[in-house]
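Worksheet: one structure, shown below.
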Amino acid sequence: MQTHFSLAALVDPDTAESEKILRACVHCGFCTATCPTFLLTGDELDSPRGRIYLIKEMLENERPADARTTRHVDRCLSCLSCMTTCPSSVHYMHLVDHARAHIEKTFSRPLGDRLLRRLLVFMLPRPAIFRLALRGAGLVRGFAGAFPGRLRGLVAMAPRNLPAPSSVDKPQTFAAQGERKMRVALLNGCAQTVLDTKINEATVRLLTRFGAEVVVARGGGCCGALAHHLGKSEESRRLAARNIEAWSREIEAGGLDYIVVNTSGCGTNVKDYGFMFRNDLRLAEKAARISAIARDVSEVVSALGFNATGNTPALRVAYHSACSLQHGQKITQEPLALLKAAGFEALPVPESHICCGSAGTYNLLQPEIATQLRERKVANIESMAPQAIAAGNLGCMVQIGAGTSIAVVHTVELLDWASGGPEPSALRDAEL
């Protein structure tokens with residue numbers, strides 16, 4: 001694609017990077033075939049190619065974002081299916097991230113939209129506040145219809161019951177069982193520590209069982225992805241910098257083989273820290289080192305060498321491959337291979353490349369499209385007649401679980417169960 005950026009504009013490193021990305025695009029349109037929003041709306045501007053044209057025009061002319069550009073960029077799920085499809089290796093992720101940051105700086109959204117976005121960025125990365133907010137929402141859940149606009153959906157999605165805070169999520173070190181094969185740090189995260197504490201607990205049991213010493217670093221927490229995808233660059237970088245410093249201290253104190261992430265949306269973001277801080281004189285080297293050793297939990301369990309006890313039933317499991325895992329991190333085989341090694345009849349969901357509609361806060365900000373995508377995903381899953389659904393991302397689990405009665409569990413919960421851990425409570429409740 002031919003570009004016409006001014007020399008002055010290209011002084012900005014983000015604009016210079018976006019110009020390189022734009023020049024790689026050859027207008028082929030392969031991306032439109034796998035874009036979930038284009039699939040639903042049929043609008044070229046709701047495809048990656050259409051968004052690329054809008055972003056190019058906005059950045060090239062150095063103008064503030066307008067309502068049309070904002071609307072179509074907001075509708076992008078950042079599922080990154082287009083990056084898997086693209087024959088020209090266009091790095092759409094970095095381009096749309098830059099566009100979102102530019103929109104945040106230059107476009108004035110309606111008041112309600114601004115307030116909701118600020119609420120999400122303030123609340124979700126702070127587990128204590130998020131827990132209080134969910135408890136409050138739970139009290140008025142039956143009156144969700146009385147709330148205005150998208151706040152109604154936020155209240156309606158509040159879980160009926162919240163788990164108590166888990167001791168696993170406190171800063172500490174868990175010793176490896178038997179011979180120590182590696183030392184890893186676990187990203188315990190933010191929303192996950194409130195909504196589903198079982199995931200981190202199963203992860204710690206699984207990793208230590210197969211010889212990993214697991215550290216929950218003091219000062220770590222939210223990876224910054226939620227703020228990042230809302231264009232809140234400063235907040236995202238602040239949260240990311242905390243993790244970088246926390247893990248760097250652990251590297252200096254006792255060494256780390258890997259940073260383990262069990263929420264794939266977070267993993268994609270952590271693996272991109274090196275790019276995010278590439279121009280930061282203080283943190284560039286540390287960030288690059290962190291990104292280099294960041295791994296999804298399935299990668300680390302595979303490296304440790306997984307063995308099943310053979311005491312679990314051969315459940316038929318529909319494996320949902322989260323977009324951030326298959327498109328963002330290019331991890332497609334490890335989770336399925338591990339589930340099969342655990343003795344489950346694990347099969348990929350039909351149309352596995354199409355997003356479920358969760359996409360971080362997307363299901364709260366774009367509920368109509370998110371609901372259509374969830375219904376499509378659930379229909380594909382239920383066509384398999386599975387006994388359980390496995391996924392490697394909490395957001396997907398919550399989104400899919402809201403549309404089906406089939407038990408939804410994290411992949412690590414099944415692997416933990418198959419190697420000596422407890423039966424996942426979701427399966428017990430389903431009486432499988």
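Please note that chains go A, B, ... in the order of the structure tokens, that every chain numbers its residues from 1, and that ligands are numbered from 1 in the order shown.
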List the neighbours of Ser88 of chain A out to 8 Å using only C-alpha atoms; skip same-chain residues closer than 2 positions along the sequence, and give me the result as a list of chain:residue names.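 Here the qualifying residues turn out to be A:Ala24, A:Cys25, A:Val26, A:Cys86, A:Val90.
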Any chance you could export the current selection's C-alpha atoms as an mmCIF file, in the first residue's frame?
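As written to disk, selection.cif reads:
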```cif
data_model
loop_
_atom_site.group_PDB
_atom_site.id
_atom_site.type_symbol
_atom_site.label_atom_id
_atom_site.label_comp_id
_atom_site.auth_asym_id
_atom_site.auth_seq_id
_atom_site.Cartn_x
_atom_site.Cartn_y
_atom_site.Cartn_z
ATOM 1 C CA ALA A 24 2.970 -4.201 3.831
ATOM 2 C CA CYS A 25 -0.760 -4.429 2.988
ATOM 3 C CA VAL A 26 -1.478 -5.387 -0.653
ATOM 4 C CA CYS A 86 -2.809 -12.490 5.856
ATOM 5 C CA VAL A 90 0.585 -7.316 8.006
#
```
If we count only C-alpha atoms and set the cut-off at 10 Å, which residues sit around segment 288-295 of chain A, ignoring sequence neighbours fewer than 6 positions away in its own chain? Please answer as an NGL selection string. :A and (184-187 or 243-245 or 247-248 or 251 or 256-262 or 264 or 267-278 or 329)
Selection file, N, CA and C atoms, as a PDB file, in the first residue's frame:
```pdb
ATOM      1  N   VAL A 184       9.656 -20.847  37.784  1.00  0.00           N
ATOM      2  CA  VAL A 184       8.808 -20.001  36.953  1.00  0.00           C
ATOM      3  C   VAL A 184       8.046 -19.005  37.818  1.00  0.00           C
ATOM      4  N   ALA A 185       7.638 -17.911  37.212  1.00  0.00           N
ATOM      5  CA  ALA A 185       6.756 -16.940  37.873  1.00  0.00           C
ATOM      6  C   ALA A 185       5.381 -17.048  37.239  1.00  0.00           C
ATOM      7  N   LEU A 186       4.354 -17.049  38.054  1.00  0.00           N
ATOM      8  CA  LEU A 186       2.980 -17.126  37.566  1.00  0.00           C
ATOM      9  C   LEU A 186       2.346 -15.743  37.588  1.00  0.00           C
ATOM     10  N   LEU A 187       1.817 -15.319  36.461  1.00  0.00           N
ATOM     11  CA  LEU A 187       1.002 -14.109  36.437  1.00  0.00           C
ATOM     12  C   LEU A 187      -0.350 -14.462  37.041  1.00  0.00           C
ATOM     13  N   ASN A 243       4.706  -5.183  36.482  1.00  0.00           N
ATOM     14  CA  ASN A 243       5.035  -6.592  36.283  1.00  0.00           C
ATOM     15  C   ASN A 243       6.483  -6.775  35.861  1.00  0.00           C
ATOM     16  N   ILE A 244       6.929  -5.918  34.961  1.00  0.00           N
ATOM     17  CA  ILE A 244       8.313  -6.013  34.479  1.00  0.00           C
ATOM     18  C   ILE A 244       9.293  -5.869  35.635  1.00  0.00           C
ATOM     19  N   GLU A 245       9.041  -4.909  36.489  1.00  0.00           N
ATOM     20  CA  GLU A 245       9.931  -4.697  37.638  1.00  0.00           C
ATOM     21  C   GLU A 245       9.830  -5.862  38.625  1.00  0.00           C
ATOM     22  N   TRP A 247       8.980  -9.038  38.102  1.00  0.00           N
ATOM     23  CA  TRP A 247       9.618 -10.249  37.574  1.00  0.00           C
ATOM     24  C   TRP A 247      11.128 -10.077  37.411  1.00  0.00           C
ATOM     25  N   SER A 248      11.542  -8.866  37.107  1.00  0.00           N
ATOM     26  CA  SER A 248      12.985  -8.612  36.995  1.00  0.00           C
ATOM     27  C   SER A 248      13.680  -8.810  38.340  1.00  0.00           C
ATOM     28  N   ILE A 251      14.130 -12.460  38.728  1.00  0.00           N
ATOM     29  CA  ILE A 251      15.224 -12.934  37.869  1.00  0.00           C
ATOM     30  C   ILE A 251      16.563 -12.682  38.540  1.00  0.00           C
ATOM     31  N   LEU A 256      14.692 -16.984  36.670  1.00  0.00           N
ATOM     32  CA  LEU A 256      13.415 -17.492  36.192  1.00  0.00           C
ATOM     33  C   LEU A 256      13.617 -18.122  34.818  1.00  0.00           C
ATOM     34  N   ASP A 257      13.076 -19.312  34.666  1.00  0.00           N
ATOM     35  CA  ASP A 257      13.109 -19.937  33.347  1.00  0.00           C
ATOM     36  C   ASP A 257      11.987 -19.399  32.465  1.00  0.00           C
ATOM     37  N   TYR A 258      10.813 -19.222  33.079  1.00  0.00           N
ATOM     38  CA  TYR A 258       9.671 -18.747  32.309  1.00  0.00           C
ATOM     39  C   TYR A 258       8.763 -17.863  33.161  1.00  0.00           C
ATOM     40  N   ILE A 259       8.006 -17.005  32.470  1.00  0.00           N
ATOM     41  CA  ILE A 259       6.838 -16.339  33.044  1.00  0.00           C
ATOM     42  C   ILE A 259       5.646 -17.128  32.529  1.00  0.00           C
ATOM     43  N   VAL A 260       4.852 -17.706  33.425  1.00  0.00           N
ATOM     44  CA  VAL A 260       3.724 -18.542  33.014  1.00  0.00           C
ATOM     45  C   VAL A 260       2.432 -17.734  33.080  1.00  0.00           C
ATOM     46  N   VAL A 261       1.660 -17.798  31.998  1.00  0.00           N
ATOM     47  CA  VAL A 261       0.388 -17.078  31.932  1.00  0.00           C
ATOM     48  C   VAL A 261      -0.703 -18.082  31.581  1.00  0.00           C
ATOM     49  N   ASN A 262      -1.773 -18.112  32.364  1.00  0.00           N
ATOM     50  CA  ASN A 262      -2.859 -19.054  32.101  1.00  0.00           C
ATOM     51  C   ASN A 262      -4.125 -18.380  31.598  1.00  0.00           C
ATOM     52  N   SER A 264      -4.956 -16.471  28.155  1.00  0.00           N
ATOM     53  CA  SER A 264      -4.236 -16.253  26.897  1.00  0.00           C
ATOM     54  C   SER A 264      -4.271 -14.803  26.420  1.00  0.00           C
ATOM     55  N   GLY A 267      -1.462 -13.356  28.087  1.00  0.00           N
ATOM     56  CA  GLY A 267      -0.218 -13.880  27.535  1.00  0.00           C
ATOM     57  C   GLY A 267       0.200 -13.168  26.264  1.00  0.00           C
ATOM     58  N   THR A 268      -0.756 -12.891  25.388  1.00  0.00           N
ATOM     59  CA  THR A 268      -0.445 -12.159  24.161  1.00  0.00           C
ATOM     60  C   THR A 268       0.121 -10.789  24.486  1.00  0.00           C
ATOM     61  N   ASN A 269      -0.435 -10.143  25.501  1.00  0.00           N
ATOM     62  CA  ASN A 269       0.031  -8.816  25.888  1.00  0.00           C
ATOM     63  C   ASN A 269       1.424  -8.859  26.510  1.00  0.00           C
ATOM     64  N   VAL A 270       1.657  -9.807  27.418  1.00  0.00           N
ATOM     65  CA  VAL A 270       2.963  -9.913  28.069  1.00  0.00           C
ATOM     66  C   VAL A 270       4.050 -10.233  27.042  1.00  0.00           C
ATOM     67  N   LYS A 271       3.732 -11.074  26.084  1.00  0.00           N
ATOM     68  CA  LYS A 271       4.704 -11.404  25.042  1.00  0.00           C
ATOM     69  C   LYS A 271       5.015 -10.201  24.155  1.00  0.00           C
ATOM     70  N   ASP A 272       4.193  -9.168  24.252  1.00  0.00           N
ATOM     71  CA  ASP A 272       4.404  -7.948  23.455  1.00  0.00           C
ATOM     72  C   ASP A 272       5.032  -6.819  24.267  1.00  0.00           C
ATOM     73  N   TYR A 273       5.388  -7.072  25.544  1.00  0.00           N
ATOM     74  CA  TYR A 273       5.998  -6.026  26.368  1.00  0.00           C
ATOM     75  C   TYR A 273       7.257  -5.464  25.707  1.00  0.00           C
ATOM     76  N   GLY A 274       8.047  -6.317  25.074  1.00  0.00           N
ATOM     77  CA  GLY A 274       9.272  -5.844  24.435  1.00  0.00           C
ATOM     78  C   GLY A 274       8.985  -4.781  23.402  1.00  0.00           C
ATOM     79  N   PHE A 275       7.912  -4.979  22.625  1.00  0.00           N
ATOM     80  CA  PHE A 275       7.529  -3.968  21.635  1.00  0.00           C
ATOM     81  C   PHE A 275       6.985  -2.724  22.314  1.00  0.00           C
ATOM     82  N   MET A 276       6.146  -2.899  23.310  1.00  0.00           N
ATOM     83  CA  MET A 276       5.523  -1.765  23.989  1.00  0.00           C
ATOM     84  C   MET A 276       6.565  -0.804  24.575  1.00  0.00           C
ATOM     85  N   PHE A 277       7.663  -1.371  25.093  1.00  0.00           N
ATOM     86  CA  PHE A 277       8.669  -0.552  25.774  1.00  0.00           C
ATOM     87  C   PHE A 277       9.957  -0.417  24.957  1.00  0.00           C
ATOM     88  N   ARG A 278       9.859  -0.628  23.647  1.00  0.00           N
ATOM     89  CA  ARG A 278      11.060  -0.621  22.798  1.00  0.00           C
ATOM     90  C   ARG A 278      11.783   0.710  22.801  1.00  0.00           C
ATOM     91  N   GLN A 329      -0.836 -15.800  19.762  1.00  0.00           N
ATOM     92  CA  GLN A 329       0.406 -16.478  20.158  1.00  0.00           C
ATOM     93  C   GLN A 329       0.780 -17.632  19.244  1.00  0.00           C
TER      94      GLN A 329
END
```
Using only C-alpha atoms, the residue out of A:Gly343, A:Gly136, A:Pro386, A:Gly328 with shortest distance to Phe306 of chain A is A:Gly343
Rank nothing, just name the residue among A:Arg68, A:Lys56, A:Arg135, A:His228 nearest to Arg160 of chain A, using only C-alpha atoms.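 Ranked by minimum distance to Arg160 of chain A, first place goes to A:Arg135.
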From the list A:Leu415, A:Val96, A:Ile21, A:Leu226, which residue is nearest Leu120 of chain A when using only C-alpha atoms? A:Leu226
Identify all residues of segment 127-210 of chain A in strand (DSSP E) (DSSP on the backbone) and supply them as a PyMOL selection string. chain A and resi 172-174+182-186
If I take atom CA of Val204 of chain A and atom CA of Pro127 of chain A, how far is one from the other in Å, to one decimal?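 Computed distance, atom CA of Val204 of chain A to atom CA of Pro127 of chain A, equals 19.5 Å.
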Pick from A:Thr70, A:Ser47, A:Val214, A:Ile129, whichever lies nearest to Ser108 of chain A using only C-alpha atoms: A:Thr70
If DSSP is run on the backbone, what residues of segment 71-240 of chain A are alpha helix (DSSP H)? A reply as a PyMOL selection string would be ideal. chain A and resi 71-74+81-85+92-106+111-123+127-139+149-156+192-195+198-209+225-229+233-240
What's the separation between atom CA of Leu10 of chain A and atom CA of Arg51 of chain A, in Å to one decimal place?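 Taking atom CA of Leu10 of chain A as the start and atom CA of Arg51 of chain A as the end point, the length is 20.6 Å.
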Report as JSON, numbers by chain all protein, DNA and RNA residues lying within 9 Å of Pro422 of chain A, evaluated on only C-alpha atoms, omitting residues in the same chain fewer than 5 positions from it. {"A": [202, 413, 416, 417]}
Residue subset to file, keeping C-alpha atoms, as a PDB file, in the first residue's frame:
```
ATOM      1  CA  ALA A 202      -5.034 -25.806  39.552  1.00  0.00           C
ATOM      2  CA  GLU A 413      -8.316 -27.873  35.570  1.00  0.00           C
ATOM      3  CA  ASP A 416      -4.716 -31.184  37.031  1.00  0.00           C
ATOM      4  CA  TRP A 417      -7.594 -33.630  37.559  1.00  0.00           C
TER       5      TRP A 417
END
```
Can you tell me which residues surround Val121 of chain A at a distance of at most 12 Å, considering only C-alpha atoms, apart from same-chain residues fewer than 6 positions away, and format the answer as number ranges by chain? A: 114-115, 127, 129-130, 190-191, 222, 224-236, 239, 360-361
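Each of A:Cys223, A:Ala16, A:Cys76, A:Met1 was checked against Cys28 of chain A using only C-alpha atoms; the smallest atom-to-atom distance is that of A:Met1.
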Hey, which of A:Leu206, A:Leu283, A:Leu304, A:Val216 ends up closest to Gln172 of chain A? Count only C-alpha atoms.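 Once distances to Gln172 of chain A are computed over only C-alpha atoms, the minimum belongs to A:Val216.
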Considering only C-alpha atoms, return as an NGL selection string whatever protein or nucleic-acid residues lie within 12 Å of segment 370-375 of chain A, sequence-local ones (same chain, fewer than 5 positions apart) excluded. :A and (35-41 or 75-77 or 153 or 351-365 or 380-382 or 395-404)
Need to verify the contact set: Leu338 of chain A, 10 Å, only C-alpha atoms, exclusion of same-chain residues closer than 6 positions in sequence. Can you return it as a list of chain:residue names? A:Ser298, A:Glu299, A:Val301, A:Ser302, A:Gly305, A:Phe306, A:Asn307, A:Ala308, A:Phe344, A:Ala346, A:Thr411, A:Val412, A:Leu414, A:Leu415
Just how far from atom CA of Pro350 of chain A is atom CA of Lys330 of chain A, in Å to one decimal?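 Straight-line distance from atom CA of Lys330 of chain A to atom CA of Pro350 of chain A works out to 18.0 Å.
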